[in-house]
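Notes follow the structure.
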Amino acid sequence: MGVYSTVMEAITWYTGLSPTAFFTILFMMAMVYRTVCGMFVSPEDYNKPPIVTAPSNLGLDGANIDAPEPVQLGEMTEQELRTYNGSDPNKPILVSIRGQIYDVSAGRNFYGPGGPYAMFAGKECSRALALLSFKPVDINGNLEDLSEEDLVILEDWEYKFIEKYVKVGQLVPEKSTQQNEFRGEIKDNPVDECK
Ligand code: HEM
Ligand SMILES: *[C@@H]1O[C@H](CO)[C@@H](O)[C@H](O)[C@H]1NC(C)=O
């Protein structure tokens, strides 16, 4: 007699159940035990910070904490800004709002090539953010015809960027001989041509 049949007979002898019924009941009890245990938190675990899964290089706001430290770049024109669109991995990704340039390299997932907001990378995008528009014709700094509500939306975006990113420069008109400060009226602006 093998060990197997001895064990089966012992089960039947002691429990009065067929081996199949015995193992079915055993399995169901194990499942109930696991389910009930899962409803409670052990006291040691209760005070521990939650385990953050997903890519460990992403902070709570989706910022890549591995991105290099932002470097101050000073004044630049819209044309120079355009080269910081994430296509060169050695350059930071920049976005301008109201002429203030932010290093959004930590948001490469958003603004890098193939990202959902890649169209804003290397651009002054105040108008697009205010209008919640992805249209290329709106990706510029022209705020002239915007409503009060649009400007409030833009302000909210500005606060978000100030909070999340580092300001690394300022937009200046092409040929900075011009005395007037940045007001969104910059040459090469497709909207200006329509006026
Ligand atoms: C279907 C509509 C949209 C969905 C589902 C969506 C989804 C999201 C999500 C999930 C985030 C991340 C939020 C966070 O970091 O906490 C985000 C961020 C953002 N969205 Fe949208 N979005 C939408 C429309 C828009 C529009 C219309 C614009 C502007 C034209 C826009 C611009 C942005 C920007 C600039 C960010 C910030 C990224 C950053 O943190 O740097 N989104 N969006
Ligand atoms: C980004 O800029 C580079 C250099 O200025 C340009 O060659 C490339 O086409 C641009 N990429 C996008 C997605 O605009």
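Just so we're on the same page: first chain in the structure tokens is A, next is B, and so on; residues restart at 1 for each chain, and ligands are numbered from 1 in the order they show up.
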Practice prompt. Based on DSSP run over this structure's backbone, return all residues of chain A in strand (DSSP E), as a PyMOL selection string.
Written response: chain A and resi 74-76+94-97+100-103+166-171
Can you work out which residues are within 7 Å of ligand 1, considering only C-alpha atoms and all ligand atoms, and then hand them over as an mmCIF file with N, CA and C atoms, in the first residue's frame?
```
data_model
loop_
_atom_site.group_PDB
_atom_site.id
_atom_site.type_symbol
_atom_site.label_atom_id
_atom_site.label_comp_id
_atom_site.auth_asym_id
_atom_site.auth_seq_id
_atom_site.Cartn_x
_atom_site.Cartn_y
_atom_site.Cartn_z
ATOM 1 N N ASP A 61 3.724 64.061 -8.662
ATOM 2 C CA ASP A 61 3.074 64.851 -9.710
ATOM 3 C C ASP A 61 3.494 64.378 -11.093
ATOM 4 N N GLY A 62 4.031 63.172 -11.182
ATOM 5 C CA GLY A 62 4.436 62.643 -12.477
ATOM 6 C C GLY A 62 5.751 63.226 -12.947
ATOM 7 N N VAL A 104 10.765 72.194 -18.275
ATOM 8 C CA VAL A 104 9.793 71.129 -18.010
ATOM 9 C C VAL A 104 10.395 69.750 -18.299
ATOM 10 N N GLY A 107 9.045 66.801 -16.860
ATOM 11 C CA GLY A 107 7.787 66.342 -17.437
ATOM 12 C C GLY A 107 7.979 65.793 -18.841
ATOM 13 N N PHE A 110 5.268 64.161 -20.541
ATOM 14 C CA PHE A 110 4.216 65.010 -21.098
ATOM 15 C C PHE A 110 4.664 65.709 -22.382
ATOM 16 N N TYR A 117 1.615 66.320 -24.778
ATOM 17 C CA TYR A 117 1.708 67.787 -24.884
ATOM 18 C C TYR A 117 2.995 68.212 -25.585
ATOM 19 N N ALA A 128 -2.782 78.845 -26.166
ATOM 20 C CA ALA A 128 -3.305 77.477 -26.218
ATOM 21 C C ALA A 128 -3.794 77.027 -24.850
ATOM 22 N N LEU A 129 -3.022 77.333 -23.800
ATOM 23 C CA LEU A 129 -3.428 76.919 -22.455
ATOM 24 C C LEU A 129 -4.695 77.661 -22.031
ATOM 25 N N LEU A 131 -7.041 78.808 -23.884
ATOM 26 C CA LEU A 131 -8.201 78.351 -24.667
ATOM 27 C C LEU A 131 -8.383 76.835 -24.596
ATOM 28 N N LEU A 132 -7.519 76.159 -23.848
ATOM 29 C CA LEU A 132 -7.508 74.684 -23.805
ATOM 30 C C LEU A 132 -7.539 74.125 -25.232
ATOM 31 N N SER A 133 -6.625 74.646 -26.021
ATOM 32 C CA SER A 133 -6.592 74.286 -27.438
ATOM 33 C C SER A 133 -5.256 73.660 -27.788
ATOM 34 N N PHE A 134 -5.304 72.650 -28.643
ATOM 35 C CA PHE A 134 -4.082 72.047 -29.154
ATOM 36 C C PHE A 134 -3.801 72.518 -30.582
ATOM 37 N N PHE A 161 2.596 75.705 -13.229
ATOM 38 C CA PHE A 161 3.977 75.636 -13.713
ATOM 39 C C PHE A 161 4.950 76.222 -12.694
#
```
Item to complete: Set the cut-off to 9 Å, count only C-alpha atoms and all ligand atoms, and list whatever residues fall near ligand 2 as a list in words.
Response: Gln79, Glu80, Leu81, Arg82, Thr83, Tyr84, Asn85, Gly86, Ser87, Asp88, Gly112, Pro113, Gly114, Ala118, Met119, Ala121 and Gly122 of chain A
Worksheet item: Could you pull out all residues of range 33-145 of chain A with a DSSP call of helix (DSSP H, G or I) and give them as a PyMOL selection string?
Response: chain A and resi 33-38+43-46+78-81+105-111+118-120+126-131+136-138
Worksheet item: Mind pulling up the distance from CA of Leu154 in chain A to CA of Asp66 in chain A?
Response: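 It comes out at 28.3 Å.
Across the structure, CA of Tyr111 in chain A and CA of Ala130 in chain A are spaced 17.6 Å apart.
When CA of Leu143 in chain A is paired with CA of Tyr165 in chain A, their separation reads 22.5 Å.
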Practice prompt. Considering only C-alpha atoms, return as a PyMOL selection string whatever protein or nucleic-acid residues lie within 12 Å of Phe22 in chain A, sequence-local ones (same chain, fewer than 2 positions apart) excluded.
Written response: chain A and resi 7-20+24-29
Mind writing the picked residues with N, CA and C atoms as an mmCIF file, in the first residue's frame?
```
data_model
loop_
_atom_site.group_PDB
_atom_site.id
_atom_site.type_symbol
_atom_site.label_atom_id
_atom_site.label_comp_id
_atom_site.auth_asym_id
_atom_site.auth_seq_id
_atom_site.Cartn_x
_atom_site.Cartn_y
_atom_site.Cartn_z
ATOM 1 N N VAL A 7 -2.983 7.687 3.313
ATOM 2 C CA VAL A 7 -3.437 9.034 3.705
ATOM 3 C C VAL A 7 -4.921 9.190 3.394
ATOM 4 N N MET A 8 -5.338 8.730 2.212
ATOM 5 C CA MET A 8 -6.743 8.856 1.822
ATOM 6 C C MET A 8 -7.659 8.100 2.782
ATOM 7 N N GLU A 9 -7.198 6.913 3.148
ATOM 8 C CA GLU A 9 -8.003 6.116 4.083
ATOM 9 C C GLU A 9 -8.072 6.781 5.453
ATOM 10 N N ALA A 10 -6.947 7.352 5.873
ATOM 11 C CA ALA A 10 -6.893 8.027 7.173
ATOM 12 C C ALA A 10 -7.872 9.210 7.186
ATOM 13 N N ILE A 11 -7.915 9.946 6.060
ATOM 14 C CA ILE A 11 -8.833 11.092 5.971
ATOM 15 C C ILE A 11 -10.276 10.621 6.132
ATOM 16 N N THR A 12 -10.612 9.581 5.410
ATOM 17 C CA THR A 12 -11.975 9.063 5.471
ATOM 18 C C THR A 12 -12.290 8.547 6.886
ATOM 19 N N TRP A 13 -11.307 7.865 7.474
ATOM 20 C CA TRP A 13 -11.479 7.304 8.816
ATOM 21 C C TRP A 13 -11.738 8.410 9.841
ATOM 22 N N TYR A 14 -10.901 9.452 9.828
ATOM 23 C CA TYR A 14 -10.992 10.465 10.873
ATOM 24 C C TYR A 14 -12.122 11.463 10.643
ATOM 25 N N THR A 15 -12.380 11.834 9.369
ATOM 26 C CA THR A 15 -13.334 12.917 9.122
ATOM 27 C C THR A 15 -14.686 12.407 8.658
ATOM 28 N N GLY A 16 -14.733 11.188 8.207
ATOM 29 C CA GLY A 16 -15.990 10.666 7.674
ATOM 30 C C GLY A 16 -16.335 11.268 6.332
ATOM 31 N N LEU A 17 -15.338 11.939 5.719
ATOM 32 C CA LEU A 17 -15.574 12.564 4.406
ATOM 33 C C LEU A 17 -14.772 11.828 3.352
ATOM 34 N N SER A 18 -15.268 11.890 2.123
ATOM 35 C CA SER A 18 -14.461 11.362 1.032
ATOM 36 C C SER A 18 -13.278 12.295 0.840
ATOM 37 N N PRO A 19 -12.138 11.796 0.372
ATOM 38 C CA PRO A 19 -10.973 12.675 0.161
ATOM 39 C C PRO A 19 -11.306 13.910 -0.678
ATOM 40 N N THR A 20 -12.140 13.756 -1.734
ATOM 41 C CA THR A 20 -12.480 14.904 -2.583
ATOM 42 C C THR A 20 -13.201 15.969 -1.780
ATOM 43 N N THR A 24 -11.857 19.748 -0.910
ATOM 44 C CA THR A 24 -12.675 20.892 -1.330
ATOM 45 C C THR A 24 -12.951 21.811 -0.141
ATOM 46 N N ILE A 25 -13.311 21.209 0.979
ATOM 47 C CA ILE A 25 -13.595 22.008 2.175
ATOM 48 C C ILE A 25 -12.332 22.711 2.655
ATOM 49 N N LEU A 26 -11.203 21.982 2.632
ATOM 50 C CA LEU A 26 -9.928 22.570 3.057
ATOM 51 C C LEU A 26 -9.597 23.803 2.205
ATOM 52 N N PHE A 27 -9.779 23.648 0.880
ATOM 53 C CA PHE A 27 -9.477 24.738 -0.035
ATOM 54 C C PHE A 27 -10.375 25.936 0.244
ATOM 55 N N MET A 28 -11.678 25.678 0.445
ATOM 56 C CA MET A 28 -12.611 26.782 0.690
ATOM 57 C C MET A 28 -12.285 27.502 1.989
ATOM 58 N N MET A 29 -11.855 26.728 3.006
ATOM 59 C CA MET A 29 -11.493 27.370 4.267
ATOM 60 C C MET A 29 -10.264 28.260 4.082
#
```
Discussion item. Which residue is closest to Ile139 in chain A? Choose from A:Ser105, A:Ser126, A:Thr35, A:Asn90 and count only C-alpha atoms.
Written reply: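 That would be A:Ser126, the residue with the smallest distance to Ile139 in chain A.
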Worksheet item: Of the candidates A:Arg98, A:Gly2, A:Lys123, A:Gly115, which shows the shortest atom-to-atom distance to Val137 in chain A, using only C-alpha atoms?
Response: A:Lys123
Item to complete: For Ser96 in chain A, work out the shell of residues within 7 Å, counting only C-alpha atoms and skipping chain neighbours fewer than 6 positions away, then give it as a PyMOL selection string.
Response: chain A and resi 102+123-125
